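Notes follow the structure.
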Amino acid sequence: MALLGIIGGTGLTSMPELVMARREMIKTPWGAPSGPLLHGELNGEPITFLARHGRGHTIPPHRVNYRANIQALVDTGVTHIIAVAAVGGIADDCVDRIVVVPDQIIDYTYGRSHTFYEAKSEKFDHIEFTTPYTEDIRQKLISGAKAAGVDCVDHGVYGATQGPRLETAAEIKRMENDGCTIVGMTGMPEAALAREAGVQYACCAVVVNRAAGKTDGAPVLADIEANIKAGVANVQKVLASGLKAGFC
Ligand code: HPA
């Protein structure tokens, strides 16, 4: 049976509209996930929710146990994942509070446990990752945004940086030259692990600031604070409207 999992990012550590049926603490061979899995219904549809940074937003991007998070969701029957992410906007059309549904990703992270294939003795498979996000879920997010009247950019290249510091202006310029249109700190290895685990996966990003060097001199952090609440509200509208049509 298909089951949707939502991984909530910054600003989405809980879902007040979730009618919760069960809270489950899970252990995986990779350790504990970021927090309990919350099973319930969102707009009448069964979903499982996990807060990526923990309930109190205490786990920084480089300390998230991405393997445990994906494994825990898979172990409880999740087949499709929507990864919610607050990001910085690099491209001109990636303006504050707009929802972006990326179709590509570039990994600038390092030192993270990025694969389930660990044991030397284990047979491993290479995974196809030409298109890192599931197109069907992407299209449903885009339709959901349209139906909800939320401004949405229907493509984009997510540049995944290490954090937790923000980028320098030169780093963003380099990323722009590479083709990145948005920047965030949690996109990888999450997307690759989902693919290794055989789960359908897409990202619903919301721009909460213009990236470093793109703010006309204003501090990036002030931008984030000003936009996070309204940005996440936009994501919630997209999810609610997408759920009506169904994501799985
Ligand atoms: N850079 C990296 N990650 C982010 C940003 C940013 O500007 N905004 C939100 N997450």
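Naming works like this for the structure tokens: A, B, ... for the chains as they're shown, residue 1 at the start of each chain, ligands 1 onward in shown order.
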Open item on the list: Within 9 Å of ligand 1 (counting only C-alpha atoms and all ligand atoms), which residues show up? I'd like them as a count of residues only.
Closed with: 34
TODO: Compile the contact shell of range 142-154 of chain A as a VMD selection string: residues with an atom at most 6 Å away, counting only C-alpha atoms, same-chain residues fewer than 5 positions apart removed.
DONE: chain A and resid 98 to 101 238 241 to 242
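Counting only C-alpha atoms, the residue from A:Gly156, A:Gly5, A:Gly11, A:Pro46 that sits nearest to Lys244 in chain A is A:Pro46.
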- [ ] For Ile81 in chain A, work out the shell of residues within 6 Å, counting only C-alpha atoms and skipping chain neighbours fewer than 6 positions away, then give it as number ranges by chain.
- [x] A: 4-6, 201
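Here CA of Thr215 in chain A stands at a distance of 28.4 Å from CA of Val64 in chain A.
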Open item on the list: Calculated over only C-alpha atoms, which of the candidates A:Ala245, A:Ala169, A:Ile106, A:Cys203 has the smallest distance to Val157 in chain A?
Closed with: A:Ile106
Task: Non-local contacts of Pro189 in chain A (12 Å; only C-alpha atoms; under 5 positions in same chain excluded) as a VMD selection string - done: chain A and resid 61 to 70 105 to 116 132 159 to 162 194 to 196
Let's have the selection written as a compact mmCIF listing (two decimals), in the first residue's frame, with N, CA, C and O atoms.
# COMPACT_ATOMS: atom_id res chain seq x y z
N PRO A 61 22.03 20.81 10.28
CA PRO A 61 21.99 20.03 9.03
C PRO A 61 23.07 18.95 8.93
O PRO A 61 22.80 17.86 8.47
N HIS A 62 24.29 19.25 9.39
CA HIS A 62 25.38 18.26 9.25
C HIS A 62 25.29 17.16 10.29
O HIS A 62 26.03 16.18 10.22
N ARG A 63 24.41 17.30 11.30
CA ARG A 63 24.28 16.29 12.34
C ARG A 63 23.01 15.46 12.18
O ARG A 63 22.74 14.57 12.98
N VAL A 64 22.19 15.80 11.20
CA VAL A 64 20.97 15.01 10.96
C VAL A 64 21.39 13.60 10.58
O VAL A 64 22.29 13.41 9.75
N ASN A 65 20.74 12.61 11.17
CA ASN A 65 21.02 11.22 10.79
C ASN A 65 20.10 10.86 9.60
O ASN A 65 19.02 10.29 9.77
N TYR A 66 20.54 11.25 8.42
CA TYR A 66 19.70 11.09 7.22
C TYR A 66 19.39 9.61 6.96
O TYR A 66 18.29 9.27 6.54
N ARG A 67 20.37 8.75 7.23
CA ARG A 67 20.13 7.32 6.98
C ARG A 67 19.04 6.80 7.91
O ARG A 67 18.14 6.07 7.48
N ALA A 68 19.12 7.15 9.19
CA ALA A 68 18.11 6.68 10.14
C ALA A 68 16.73 7.24 9.77
O ALA A 68 15.71 6.54 9.88
N ASN A 69 16.69 8.48 9.35
CA ASN A 69 15.40 9.09 9.00
C ASN A 69 14.74 8.35 7.83
O ASN A 69 13.56 8.01 7.89
N ILE A 70 15.51 8.13 6.77
CA ILE A 70 14.94 7.44 5.60
C ILE A 70 14.58 6.00 5.96
O ILE A 70 13.50 5.51 5.65
N ILE A 105 19.74 18.58 -8.50
CA ILE A 105 20.46 18.92 -7.26
C ILE A 105 21.96 18.79 -7.49
O ILE A 105 22.40 17.96 -8.31
N ILE A 106 22.72 19.65 -6.84
CA ILE A 106 24.19 19.52 -6.83
C ILE A 106 24.63 19.44 -5.37
O ILE A 106 24.17 20.23 -4.53
N ASP A 107 25.51 18.48 -5.12
CA ASP A 107 25.91 18.20 -3.74
C ASP A 107 27.25 18.88 -3.42
O ASP A 107 28.28 18.52 -3.98
N TYR A 108 27.22 19.85 -2.51
CA TYR A 108 28.46 20.49 -2.04
C TYR A 108 28.77 20.09 -0.60
O TYR A 108 29.63 20.69 0.03
N THR A 109 28.04 19.11 -0.07
CA THR A 109 28.27 18.72 1.33
C THR A 109 29.48 17.80 1.42
O THR A 109 29.96 17.29 0.41
N TYR A 110 29.96 17.60 2.63
CA TYR A 110 31.09 16.68 2.83
C TYR A 110 31.00 16.05 4.22
O TYR A 110 30.37 16.61 5.12
N GLY A 111 31.61 14.89 4.32
CA GLY A 111 31.71 14.23 5.62
C GLY A 111 30.40 13.72 6.18
O GLY A 111 30.31 13.41 7.36
N ARG A 112 29.37 13.62 5.37
CA ARG A 112 28.10 13.09 5.85
C ARG A 112 27.99 11.62 5.46
O ARG A 112 28.52 11.23 4.41
N SER A 113 27.33 10.84 6.26
CA SER A 113 27.11 9.43 5.90
C SER A 113 26.09 9.40 4.78
O SER A 113 24.91 9.64 4.99
N HIS A 114 26.58 9.11 3.57
CA HIS A 114 25.77 9.41 2.40
C HIS A 114 25.25 8.18 1.65
O HIS A 114 24.67 8.30 0.58
N THR A 115 25.49 6.99 2.22
CA THR A 115 25.03 5.78 1.52
C THR A 115 24.66 4.70 2.51
O THR A 115 25.18 4.67 3.64
N PHE A 116 23.74 3.82 2.09
CA PHE A 116 23.40 2.66 2.90
C PHE A 116 24.38 1.52 2.67
O PHE A 116 24.38 0.53 3.38
N PRO A 132 17.05 13.22 -9.97
CA PRO A 132 17.05 12.85 -8.55
C PRO A 132 15.68 12.88 -7.88
O PRO A 132 15.51 12.31 -6.81
N GLY A 159 21.21 23.57 -4.73
CA GLY A 159 22.61 23.44 -4.32
C GLY A 159 22.63 23.12 -2.83
O GLY A 159 22.20 23.95 -2.02
N ALA A 160 23.14 21.94 -2.49
CA ALA A 160 23.14 21.51 -1.08
C ALA A 160 24.49 21.82 -0.44
O ALA A 160 25.51 21.25 -0.84
N THR A 161 24.49 22.74 0.50
CA THR A 161 25.74 23.15 1.16
C THR A 161 25.84 22.54 2.55
O THR A 161 24.85 22.03 3.09
N GLN A 162 27.02 22.62 3.13
CA GLN A 162 27.28 21.92 4.38
C GLN A 162 26.68 22.59 5.61
O GLN A 162 26.21 21.93 6.51
N ALA A 194 17.11 8.25 -0.26
CA ALA A 194 15.74 7.85 -0.62
C ALA A 194 15.78 7.00 -1.88
O ALA A 194 15.10 5.97 -1.97
N ARG A 195 16.60 7.39 -2.85
CA ARG A 195 16.70 6.62 -4.10
C ARG A 195 17.30 5.24 -3.80
O ARG A 195 16.82 4.22 -4.30
N GLU A 196 18.35 5.20 -2.98
CA GLU A 196 18.94 3.89 -2.63
C GLU A 196 17.91 2.99 -1.97
O GLU A 196 17.90 1.78 -2.18
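What separates CA of Ala72 in chain A from CA of Leu3 in chain A is a distance of 13.3 Å.
For Glu45 in chain A, the list of residues within 9 Å, based on only C-alpha atoms and with local chain neighbours fewer than 3 positions off taken out, reads Leu4, Gly40, Glu41, Leu42, Leu243, Lys244 and Gly246 of chain A.
Note that CA of Glu135 in chain A and CA of Ala202 in chain A are 7.7 Å apart.
With distances restricted to only C-alpha atoms, A:Arg138 is the closest residue to Cys248 in chain A from A:Arg22, A:Arg97, A:Arg138, A:Arg174.
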